[in-house]
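J.: Encoded as structure tokens, here's the structure I'll be asking about.
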Amino acid sequence: MTDRLPEERQPRRRKVPLAAPVAAGLTAAAASILAASLEWEIPPAAKIGVTAGAAILVGLTTWATTDQRPRRSEPREPSSRAPDQWPPVPEHFTGRAEALAELRGVFTARRRAKDVSPPLVVSVYGRGGVGKSALIARFGQEVAGWFPDGRLHADLRGGAGAPVRPDEVLIGFLRALGVRLTTDPGGLEELRRLWLTWTKDRRILIGLDNAHSADQVKPLIPAESGCAVLVTSRQPLYLNGTRDTRLGELTEAQGVELLARLAGSGRVVDDLDAAKEIVRTCDRLPLAINICGGRLATREQWTLREMGGRLADERRRLDQLELAPTVDKSVRASVQLSYDDCTGMQRRLLRLLSALTSPDVPGWVAGELLDISGLDGADQLEALIDAQLAECSGTDQTGAMRYRLHDLVRVFAAELTAEDGEERRRAAIERVLSGYRRRAEEAAQDRWPQDWSKGGRRSSAEGQVHAGDWLNAERLSLVAMVHLARQQELWELTWGLARAFCSLCHSLRAYWADWRQVAELGCEAALRTGDRRAQAISLLDRAAVQGGLGAHELGRVDAERALEIFTELGESWWAARAMRTVGMSLFSEGHLDRAQAHLTGAIAAFRGEDDQWWMARTQRNLAELRLAERRPEEARELLEDSLEVFKRAGNRYSEAQTLRAYGEVLAAQARGLHRDGDHRAALDGFTRAGFSLDRAGAMFRQRGELWEEARCLRAAGEVGDPSNGLRELEFVRRAEEILTALGDSWGVARTALSAGRVLARLGRIEESEHELRRAVRAFEELDDRWWMALSLRYLGEAHLDAGGPDAAVTPLRQAREIYRSLGNEAGMRRTLELLRKAET
């Protein structure tokens, strides 16, 4: 049966028993020989001899090299490198010695404290443009060594009128910590629990810039005493346990020093009075002084007195105007003065940048906005940075530098966008959206080429990793671009951006809330274009996210409509894709017979299209269905064919998934042999199954795929080898630890079912009943009636096997009613067989 999807937690400490490495050696050696026999014929006696010798060697080696001390067992991550999202310190940062000393004292005192207490939270508040962001950037660099587990940073955009939701921030932070989030976490509370789990026992510095309110910040504060949070805001937040520090304007001396760093110390010394006047006119705000100093640095012919006069005139002019209170007059005057002195192209770039709703952008955007080359656009952007009208926000996961406008500069520039004219501004936005679409489609095709065309172009592992990094870096901007395209009623671009975004999210099993929202926008846009092929593709994209979220019936309806459209259009490859999606939806709903018809039809269609990858993938799905119908021999043939396809094509991820399913089928066959009394053949089958699952788990582990690794562990716990029950229970417990850490509530429920079956095989019937009833309750909450029925059926079977037929009747009758309502004939037949045994 196919599983749903996950997030992540730190597991409990555990001792490693001395017997474990020896058992591991025996298993590994036996598995290796038996695995070889899958391809080479070895006489049974030789197999046994070589197996025993290898077992001793591997067991002794493992025993000698295993650390026997208690150690922390935790989900493995693809990289041990600590995340570092901290923004760069402004080049001309100056002053603030007292504020830095105060922060230093607070942090030092906390480090010396021995008691366990909540994390340190320091709020720095003050006027817009006073330099709060620069202060925490500077201090965060100073104390970086105190936080070996990383530095996380987010601009909450509280001063921009569109504050970022805390759940969006948590998703970004969790991804930065290596949490795959391959299932929908389910909302802010669930994300908050994951955040507390993944910050436990870690020392992380968290920067929250431009907070709008305490409610925006509270969910982002970890519980770990080794963590610290630096927050900036326009007003005090009054959070419990928070140290609120007001950051005032610079002193006159500090302001003059900042001006000198930008404009040149010689010019300031030559006319100190004019420098002081500029600082006073700027209200001693660093943002305004920076802008004036930046303009002086690029206008060496200007004297400070001339600059001071212009600035004073501008302030007096503003005094006569009725202005929105969003930008201080001192800041407005400095921005206006610098803006007036920019070239026409630079002014236009500033205005157009303010029209983009993304939090920041990479450098290529400037060239698209101005309709010039990327290099020339970068030159114009650098000119705005030199003038202190734009700033660098740091380097993203792909290594690209990103740029943004201070929110006060953005507001100022947005007031002037009418100067560009509606048509010209729309054309500029359209070029940027087209640039994002090209890049998003390229990343999506690198990540999952089979989602884009028959056969799919070959992509490298490096390309797949880079595509994931690109989405992580651009997620917020890309979502903003989809909304901007819709706002501009650029429907073709809206659909294209949505299509690429959905494909990336689907391949990564990531960003579920964004994925669902963008899929809806894609459907709307496709409908507006009148392009029926685009409509059908968008319906499939929406069906994918709905299925992943457990809304299988809604997904099926979308897939069935897509199938109708593709069939009418003669799009046979896409029709096969839709047919498979319908089949998988029916499978997830428990309608196995109907699902089988669609899956077999899709396999035939893919074979007709000569698309080996999709044919093999769908064969794997059909094999899982055959296994659910207790037809393992047919499932094995399908999987062996699929394995050959994936091996030939070098599709390692798909090969690993198929190996996991193959191990489950081998285990089912071995259980059948054991029931029939052929214990020697059963032992061989159990070992082969373990090897296949171990290989699959190792392949996923190399890729950092925790969720898939957990599925392999759970499958290893379901093998059913009567001589290996305790070890299988350990596999299941480990799988549950990972799935709990991944926030996969469905996966945890599924693992509770596995634990119940293992415990039943061990004869621990009370514990088994507890686990199986836990699974029943969890599936009921998830509204997954097929798995709820299966859990009840296994509960009845456990009681029967333990000699308690009376206790088996009620759960079996409940399972029968659910199967009847689902129209699940296979489940009904098996349940009736068990019920007859229980009632006789």
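Naming scheme: A, B, ... for chains in displayed order of the structure tokens; residues 1 onward per chain; ligands 1 onward as shown.
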Tell me, which residues of stretch 382-444 of chain A carry DSSP helix (DSSP H, G or I), written as an NGL selection string?
T.: :A and (382-386 or 407-414 or 417-420 or 422-444)
J.: Output N, CA, C and O atoms for every residue in that selection, as a short mmCIF file (atom, residue, chain, number, x, y, z; two decimals), in the first residue's frame.
T.:
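out_34.cif was written with the following content:
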data_model
loop_
_atom_site.label_atom_id
_atom_site.label_comp_id
_atom_site.auth_asym_id
_atom_site.auth_seq_id
_atom_site.Cartn_x
_atom_site.Cartn_y
_atom_site.Cartn_z
N GLU A 382 23.91 48.22 -8.65
CA GLU A 382 25.04 48.59 -7.80
C GLU A 382 25.07 50.09 -7.56
O GLU A 382 25.47 50.55 -6.47
N ALA A 383 24.65 50.85 -8.56
CA ALA A 383 24.60 52.32 -8.39
C ALA A 383 23.59 52.69 -7.30
O ALA A 383 23.84 53.60 -6.50
N LEU A 384 22.46 51.98 -7.25
CA LEU A 384 21.48 52.23 -6.19
C LEU A 384 22.03 51.83 -4.83
O LEU A 384 21.76 52.48 -3.82
N ILE A 385 22.81 50.76 -4.80
CA ILE A 385 23.43 50.35 -3.54
C ILE A 385 24.46 51.39 -3.10
O ILE A 385 24.53 51.74 -1.91
N ASP A 386 25.25 51.89 -4.05
CA ASP A 386 26.23 52.94 -3.72
C ASP A 386 25.53 54.17 -3.15
O ASP A 386 26.06 54.84 -2.25
N ASP A 407 12.16 49.10 3.76
CA ASP A 407 10.72 49.29 3.61
C ASP A 407 10.33 50.76 3.46
O ASP A 407 9.37 51.09 2.75
N LEU A 408 11.07 51.69 4.09
CA LEU A 408 10.76 53.11 3.94
C LEU A 408 11.10 53.60 2.54
O LEU A 408 10.38 54.43 1.96
N VAL A 409 12.19 53.11 1.98
CA VAL A 409 12.55 53.47 0.60
C VAL A 409 11.53 52.87 -0.37
O VAL A 409 11.13 53.52 -1.35
N ARG A 410 11.08 51.66 -0.07
CA ARG A 410 10.07 51.02 -0.94
C ARG A 410 8.78 51.83 -0.96
O ARG A 410 8.18 52.04 -2.03
N VAL A 411 8.35 52.27 0.21
CA VAL A 411 7.11 53.06 0.27
C VAL A 411 7.27 54.35 -0.54
O VAL A 411 6.39 54.75 -1.30
N PHE A 412 8.40 55.00 -0.38
CA PHE A 412 8.67 56.24 -1.11
C PHE A 412 8.61 55.98 -2.62
O PHE A 412 7.94 56.71 -3.37
N ALA A 413 9.31 54.95 -3.08
CA ALA A 413 9.38 54.68 -4.52
C ALA A 413 8.02 54.26 -5.07
O ALA A 413 7.67 54.60 -6.21
N ALA A 414 7.25 53.53 -4.27
CA ALA A 414 5.95 53.07 -4.74
C ALA A 414 5.00 54.24 -4.99
O ALA A 414 4.09 54.14 -5.82
N THR A 417 5.31 55.34 -8.80
CA THR A 417 5.26 54.39 -9.91
C THR A 417 4.40 54.89 -11.08
O THR A 417 4.58 54.42 -12.21
N ALA A 418 3.51 55.83 -10.84
CA ALA A 418 2.69 56.35 -11.93
C ALA A 418 3.55 57.02 -13.00
O ALA A 418 3.12 57.15 -14.16
N GLU A 419 4.75 57.45 -12.67
CA GLU A 419 5.63 58.11 -13.63
C GLU A 419 6.01 57.19 -14.79
O GLU A 419 6.38 57.65 -15.86
N ASP A 420 5.94 55.88 -14.57
CA ASP A 420 6.34 54.95 -15.62
C ASP A 420 5.23 54.68 -16.62
O ASP A 420 5.50 54.20 -17.72
N GLU A 422 1.23 52.92 -17.03
CA GLU A 422 0.72 51.58 -16.78
C GLU A 422 1.30 50.56 -17.75
O GLU A 422 1.73 49.46 -17.36
N GLU A 423 1.32 50.90 -19.03
CA GLU A 423 1.77 49.95 -20.04
C GLU A 423 3.24 49.60 -19.87
O GLU A 423 3.64 48.44 -19.96
N ARG A 424 4.06 50.61 -19.62
CA ARG A 424 5.50 50.38 -19.48
C ARG A 424 5.81 49.57 -18.21
O ARG A 424 6.65 48.68 -18.23
N ARG A 425 5.11 49.89 -17.15
CA ARG A 425 5.33 49.15 -15.91
C ARG A 425 4.88 47.70 -16.06
O ARG A 425 5.56 46.77 -15.60
N ARG A 426 3.76 47.49 -16.72
CA ARG A 426 3.25 46.13 -16.93
C ARG A 426 4.24 45.31 -17.77
O ARG A 426 4.48 44.13 -17.48
N ALA A 427 4.81 45.95 -18.79
CA ALA A 427 5.78 45.24 -19.64
C ALA A 427 7.01 44.83 -18.83
O ALA A 427 7.56 43.73 -19.01
N ALA A 428 7.45 45.70 -17.94
CA ALA A 428 8.62 45.39 -17.11
C ALA A 428 8.31 44.22 -16.17
O ALA A 428 9.13 43.29 -16.02
N ILE A 429 7.15 44.26 -15.55
CA ILE A 429 6.76 43.17 -14.66
C ILE A 429 6.64 41.87 -15.44
O ILE A 429 7.08 40.79 -14.97
N GLU A 430 6.11 41.94 -16.64
CA GLU A 430 5.95 40.75 -17.46
C GLU A 430 7.30 40.12 -17.80
O GLU A 430 7.45 38.90 -17.82
N ARG A 431 8.29 40.95 -18.05
CA ARG A 431 9.63 40.42 -18.34
C ARG A 431 10.20 39.68 -17.13
O ARG A 431 10.83 38.62 -17.26
N VAL A 432 10.01 40.25 -15.94
CA VAL A 432 10.50 39.59 -14.73
C VAL A 432 9.76 38.27 -14.52
O VAL A 432 10.37 37.23 -14.21
N LEU A 433 8.46 38.28 -14.69
CA LEU A 433 7.68 37.05 -14.52
C LEU A 433 8.11 35.99 -15.53
O LEU A 433 8.21 34.80 -15.19
N SER A 434 8.39 36.41 -16.75
CA SER A 434 8.86 35.46 -17.76
C SER A 434 10.22 34.89 -17.37
O SER A 434 10.50 33.70 -17.57
N GLY A 435 11.08 35.76 -16.82
CA GLY A 435 12.38 35.29 -16.35
C GLY A 435 12.25 34.27 -15.24
O GLY A 435 12.97 33.25 -15.21
N TYR A 436 11.33 34.51 -14.32
CA TYR A 436 11.10 33.54 -13.25
C TYR A 436 10.51 32.25 -13.80
O TYR A 436 10.86 31.14 -13.36
N ARG A 437 9.63 32.37 -14.78
CA ARG A 437 9.04 31.15 -15.35
C ARG A 437 10.12 30.30 -16.02
O ARG A 437 10.15 29.08 -15.82
N ARG A 438 11.01 30.92 -16.80
CA ARG A 438 12.07 30.16 -17.46
C ARG A 438 12.93 29.42 -16.43
O ARG A 438 13.24 28.24 -16.59
N ARG A 439 13.30 30.13 -15.40
CA ARG A 439 14.18 29.53 -14.38
C ARG A 439 13.45 28.45 -13.57
O ARG A 439 14.03 27.43 -13.20
N ALA A 440 12.18 28.68 -13.27
CA ALA A 440 11.41 27.70 -12.52
C ALA A 440 11.21 26.43 -13.34
O ALA A 440 11.31 25.31 -12.81
N GLU A 441 10.92 26.59 -14.62
CA GLU A 441 10.73 25.41 -15.47
C GLU A 441 12.04 24.63 -15.63
O GLU A 441 12.04 23.40 -15.63
N GLU A 442 13.14 25.34 -15.75
CA GLU A 442 14.44 24.66 -15.86
C GLU A 442 14.74 23.87 -14.58
O GLU A 442 15.18 22.72 -14.64
N ALA A 443 14.49 24.49 -13.43
CA ALA A 443 14.72 23.79 -12.16
C ALA A 443 13.80 22.57 -12.03
O ALA A 443 14.22 21.50 -11.59
N ALA A 444 12.53 22.75 -12.41
CA ALA A 444 11.57 21.65 -12.28
C ALA A 444 11.95 20.49 -13.18
O ALA A 444 11.82 19.32 -12.80
#
J.: Write out as a list in words the residues lying within 6 Å of A:Leu156, counting only C-alpha atoms and excluding same-chain residues fewer than 4 positions away.
T.: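 Within the cut-off, the hits are Pro163, Val164, Asp209, Asn210 and Ala211 of chain A.
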J.: Using the selection just defined, write its residues with all heavy atoms as an mmCIF file, in the first residue's frame.
T.:
data_model
loop_
_atom_site.group_PDB
_atom_site.id
_atom_site.type_symbol
_atom_site.label_atom_id
_atom_site.label_comp_id
_atom_site.auth_asym_id
_atom_site.auth_seq_id
_atom_site.Cartn_x
_atom_site.Cartn_y
_atom_site.Cartn_z
ATOM 1 N N PRO A 163 2.945 41.696 6.701
ATOM 2 C CA PRO A 163 3.816 40.868 7.546
ATOM 3 C C PRO A 163 3.775 39.398 7.158
ATOM 4 O O PRO A 163 2.740 38.870 6.749
ATOM 5 C CB PRO A 163 3.256 41.093 8.954
ATOM 6 C CG PRO A 163 1.875 41.601 8.766
ATOM 7 C CD PRO A 163 1.872 42.350 7.481
ATOM 8 N N VAL A 164 4.914 38.741 7.297
ATOM 9 C CA VAL A 164 5.028 37.323 6.978
ATOM 10 C C VAL A 164 4.382 36.504 8.088
ATOM 11 O O VAL A 164 4.565 36.791 9.274
ATOM 12 C CB VAL A 164 6.513 36.933 6.824
ATOM 13 C CG1 VAL A 164 6.646 35.449 6.494
ATOM 14 C CG2 VAL A 164 7.169 37.766 5.740
ATOM 15 N N ASP A 209 13.689 40.041 12.134
ATOM 16 C CA ASP A 209 13.787 41.453 11.793
ATOM 17 C C ASP A 209 12.425 42.013 11.413
ATOM 18 O O ASP A 209 11.624 41.345 10.743
ATOM 19 C CB ASP A 209 14.765 41.607 10.619
ATOM 20 C CG ASP A 209 15.416 42.970 10.577
ATOM 21 O OD1 ASP A 209 15.260 43.740 11.542
ATOM 22 O OD2 ASP A 209 16.088 43.270 9.578
ATOM 23 N N ASN A 210 12.163 43.240 11.834
ATOM 24 C CA ASN A 210 10.943 43.964 11.439
ATOM 25 C C ASN A 210 9.672 43.243 11.884
ATOM 26 O O ASN A 210 8.754 43.009 11.087
ATOM 27 C CB ASN A 210 10.894 44.184 9.924
ATOM 28 C CG ASN A 210 12.020 45.062 9.437
ATOM 29 O OD1 ASN A 210 12.302 46.102 10.039
ATOM 30 N ND2 ASN A 210 12.677 44.666 8.356
ATOM 31 N N ALA A 211 9.600 42.888 13.142
ATOM 32 C CA ALA A 211 8.401 42.223 13.666
ATOM 33 C C ALA A 211 7.239 43.201 13.713
ATOM 34 O O ALA A 211 7.393 44.379 14.043
ATOM 35 C CB ALA A 211 8.675 41.659 15.048
#
J.: Can you tell me which residues surround A:Leu174 at a distance of at most 10 Å, considering only C-alpha atoms, apart from same-chain residues fewer than 4 positions away, and format the answer as a ChimeraX atom specification?
T.: /A:7-8,152,169-170,178-181,191,194-195,198-199
J.: Taking only C-alpha atoms into account, name the residue in A:Gly570, A:Gly827, A:Gly743, A:Gly548 that is nearest to A:Leu592.
T.: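 Using only C-alpha atoms, the shortest distance to A:Leu592 belongs to A:Gly827.
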J.: Which residues come within 10 Å of A:Lys329, counting only C-alpha atoms, excluding same-chain residues fewer than 5 positions away, as a ChimeraX atom specification?
T.: /A:281-283,288,314-316,318-319,323-324,334-335
J.: Write a file of the just-selected residues containing N, CA and C atoms, as a PDB file, in the first residue's frame.
T.:
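Produced file result_23.pdb, reproduced below:
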ATOM      1  N   THR A 281      19.573  67.657  10.240  1.00  0.00           N
ATOM      2  CA  THR A 281      18.438  67.651   9.317  1.00  0.00           C
ATOM      3  C   THR A 281      17.933  66.224   9.073  1.00  0.00           C
ATOM      4  N   CYS A 282      18.826  65.270   9.165  1.00  0.00           N
ATOM      5  CA  CYS A 282      18.457  63.848   9.023  1.00  0.00           C
ATOM      6  C   CYS A 282      17.879  63.275  10.315  1.00  0.00           C
ATOM      7  N   ASP A 283      17.689  64.134  11.326  1.00  0.00           N
ATOM      8  CA  ASP A 283      17.190  63.685  12.630  1.00  0.00           C
ATOM      9  C   ASP A 283      18.084  62.620  13.248  1.00  0.00           C
ATOM     10  N   ALA A 288      18.786  57.854   6.914  1.00  0.00           N
ATOM     11  CA  ALA A 288      18.857  59.127   6.195  1.00  0.00           C
ATOM     12  C   ALA A 288      20.307  59.576   6.014  1.00  0.00           C
ATOM     13  N   GLU A 314      14.493  70.822   1.074  1.00  0.00           N
ATOM     14  CA  GLU A 314      13.543  69.726   0.864  1.00  0.00           C
ATOM     15  C   GLU A 314      12.699  69.513   2.108  1.00  0.00           C
ATOM     16  N   ARG A 315      13.315  69.593   3.285  1.00  0.00           N
ATOM     17  CA  ARG A 315      12.558  69.452   4.529  1.00  0.00           C
ATOM     18  C   ARG A 315      11.514  70.540   4.659  1.00  0.00           C
ATOM     19  N   ARG A 316      11.909  71.787   4.317  1.00  0.00           N
ATOM     20  CA  ARG A 316      10.946  72.894   4.419  1.00  0.00           C
ATOM     21  C   ARG A 316       9.788  72.703   3.446  1.00  0.00           C
ATOM     22  N   LEU A 318       8.616  69.839   2.423  1.00  0.00           N
ATOM     23  CA  LEU A 318       7.776  68.763   2.952  1.00  0.00           C
ATOM     24  C   LEU A 318       6.881  69.260   4.077  1.00  0.00           C
ATOM     25  N   ASP A 319       7.367  70.246   4.831  1.00  0.00           N
ATOM     26  CA  ASP A 319       6.569  70.798   5.928  1.00  0.00           C
ATOM     27  C   ASP A 319       5.276  71.420   5.429  1.00  0.00           C
ATOM     28  N   LEU A 323       1.362  64.696   4.109  1.00  0.00           N
ATOM     29  CA  LEU A 323       1.970  63.433   3.711  1.00  0.00           C
ATOM     30  C   LEU A 323       1.480  62.295   4.601  1.00  0.00           C
ATOM     31  N   ALA A 324       1.446  61.129   3.999  1.00  0.00           N
ATOM     32  CA  ALA A 324       1.135  59.946   4.816  1.00  0.00           C
ATOM     33  C   ALA A 324       2.254  59.750   5.837  1.00  0.00           C
ATOM     34  N   SER A 334      15.842  62.904   2.583  1.00  0.00           N
ATOM     35  CA  SER A 334      17.119  62.356   2.117  1.00  0.00           C
ATOM     36  C   SER A 334      16.922  61.459   0.903  1.00  0.00           C
ATOM     37  N   VAL A 335      15.852  60.648   0.912  1.00  0.00           N
ATOM     38  CA  VAL A 335      15.585  59.777  -0.231  1.00  0.00           C
ATOM     39  C   VAL A 335      15.255  60.625  -1.461  1.00  0.00           C
TER      40      VAL A 335
END
J.: Atom CA of A:Trp787 and atom CA of A:Tyr819 are how many Å apart?
T.: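 Atom CA of A:Trp787 sits 10.2 Å away from atom CA of A:Tyr819.
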J.: Please identify all polymer residues within 9 Å of stretch 117-119 of chain A, counting only C-alpha atoms, omitting same-chain residues fewer than 5 positions from it, and present them as a short mmCIF file (atom, residue, chain, number, x, y, z; two decimals) with N, CA, C and O atoms, in the first residue's frame.
T.:
data_model
loop_
_atom_site.label_atom_id
_atom_site.label_comp_id
_atom_site.auth_asym_id
_atom_site.auth_seq_id
_atom_site.Cartn_x
_atom_site.Cartn_y
_atom_site.Cartn_z
N ILE A 221 9.71 31.44 18.95
CA ILE A 221 10.67 31.36 20.05
C ILE A 221 10.80 29.90 20.50
O ILE A 221 9.82 29.28 20.89
N PRO A 222 11.99 29.32 20.43
CA PRO A 222 12.16 27.94 20.88
C PRO A 222 12.09 27.83 22.40
O PRO A 222 12.05 28.85 23.10
N ALA A 223 12.08 26.62 22.89
CA ALA A 223 12.05 26.41 24.34
C ALA A 223 13.43 26.10 24.90
O ALA A 223 13.61 26.06 26.11
N GLU A 224 14.39 25.89 24.04
CA GLU A 224 15.71 25.46 24.46
C GLU A 224 16.52 26.60 25.04
O GLU A 224 16.65 27.67 24.43
N SER A 225 17.07 26.39 26.23
CA SER A 225 17.81 27.47 26.90
C SER A 225 19.09 27.85 26.17
O SER A 225 19.59 28.96 26.33
N GLY A 226 19.63 26.95 25.36
CA GLY A 226 20.85 27.26 24.63
C GLY A 226 20.64 28.12 23.42
O GLY A 226 21.62 28.59 22.81
N CYS A 227 19.38 28.37 23.05
CA CYS A 227 19.09 29.22 21.90
C CYS A 227 18.91 30.67 22.36
O CYS A 227 18.68 30.94 23.54
N ALA A 228 19.00 31.58 21.42
CA ALA A 228 18.77 32.99 21.70
C ALA A 228 18.06 33.62 20.51
O ALA A 228 18.25 33.19 19.36
N VAL A 229 17.24 34.62 20.80
CA VAL A 229 16.45 35.28 19.77
C VAL A 229 16.69 36.79 19.84
O VAL A 229 16.58 37.39 20.91
N GLY A 241 9.41 37.49 29.59
CA GLY A 241 10.81 37.12 29.67
C GLY A 241 11.70 37.80 28.65
O GLY A 241 12.87 37.46 28.50
#
J.: Please indicate the distance in Å from atom CA of A:Gly650 to atom CA of A:Val545, rounded to one decimal place.
T.: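 These two atoms are separated by 27.4 Å.
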J.: Pick out the closest residue to A:Arg620 from this set: A:Arg347, A:Arg820, A:Leu659, A:His598. Count only C-alpha atoms.
T.: A:Leu659
J.: Please build the interface table for stretch 697-758 of chain A against stretch 493-509 of chain A with a cut-off of 12 Å, listing for each qualifying residue the nearest atom pair and the distance in Å to one decimal; count only C-alpha atoms, order rows by chain and increasing number, and write it as a tab-separated table.
T.:
residue	atom	partner	partner_atom	distance
A:Glu705	CA	A:Leu508	CA	10.2
A:Trp707	CA	A:Arg509	CA	10.4
A:Glu708	CA	A:Arg509	CA	11.6
J.: Any chance you can output those residues with C-alpha atoms as a CSV table (one decimal), in the first residue's frame?
T.:
chain,number,residue,atom,x,y,z
A,705,GLU,CA,15.7,10.8,2.5
A,707,TRP,CA,11.0,9.5,5.2
A,708,GLU,CA,11.8,6.9,2.7
J.: Using only C-alpha atoms, which of the listed residues (A:Ala559, A:Val365, A:Ala716, A:Leu196) sits closest to A:Val665?
T.: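 Closest candidate: A:Ala716.
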J.: Residues within 10 Å of A:Pro362, please, as a PyMOL selection string. Count only C-alpha atoms; anything in the same chain fewer than 5 positions from it doesn't count.
T.: chain A and resi 378+392-393+395-396+400-404+473-474+477
J.: DSSP on the backbone: which residues in stretch 353-583 of chain A end up as strand (DSSP E)? Give the answer as a compact mmCIF listing (two decimals) with C-alpha atoms, in the first residue's frame.
T.:
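Contents of out.txt, as written:
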# COMPACT_ATOMS: atom_id res chain seq x y z
CA VAL A 361 15.29 39.40 -5.59
CA PRO A 362 18.42 38.06 -7.28
CA GLU A 391 20.90 46.93 0.01
CA CYS A 392 22.20 43.37 -0.11
CA SER A 393 20.16 40.92 1.93
CA GLY A 394 22.74 38.12 1.78
CA THR A 395 23.63 35.07 -0.27
CA MET A 401 23.47 37.47 -3.94
CA ARG A 402 20.02 38.87 -3.20
CA TYR A 403 18.89 42.47 -2.99
CA ARG A 404 16.06 44.39 -1.36
J.: Got a sec: who's within 9 Å of A:Arg516, counting only C-alpha atoms, leaving out chain neighbours fewer than 2 positions off, as a list in words?
T.: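 These residues fall inside the cut-off: Cys502, Tyr511, Trp512, Ala513, Asp514, Val518, Ala519, Glu520, Leu521, Arg542, Val545 and Gln546 of chain A.
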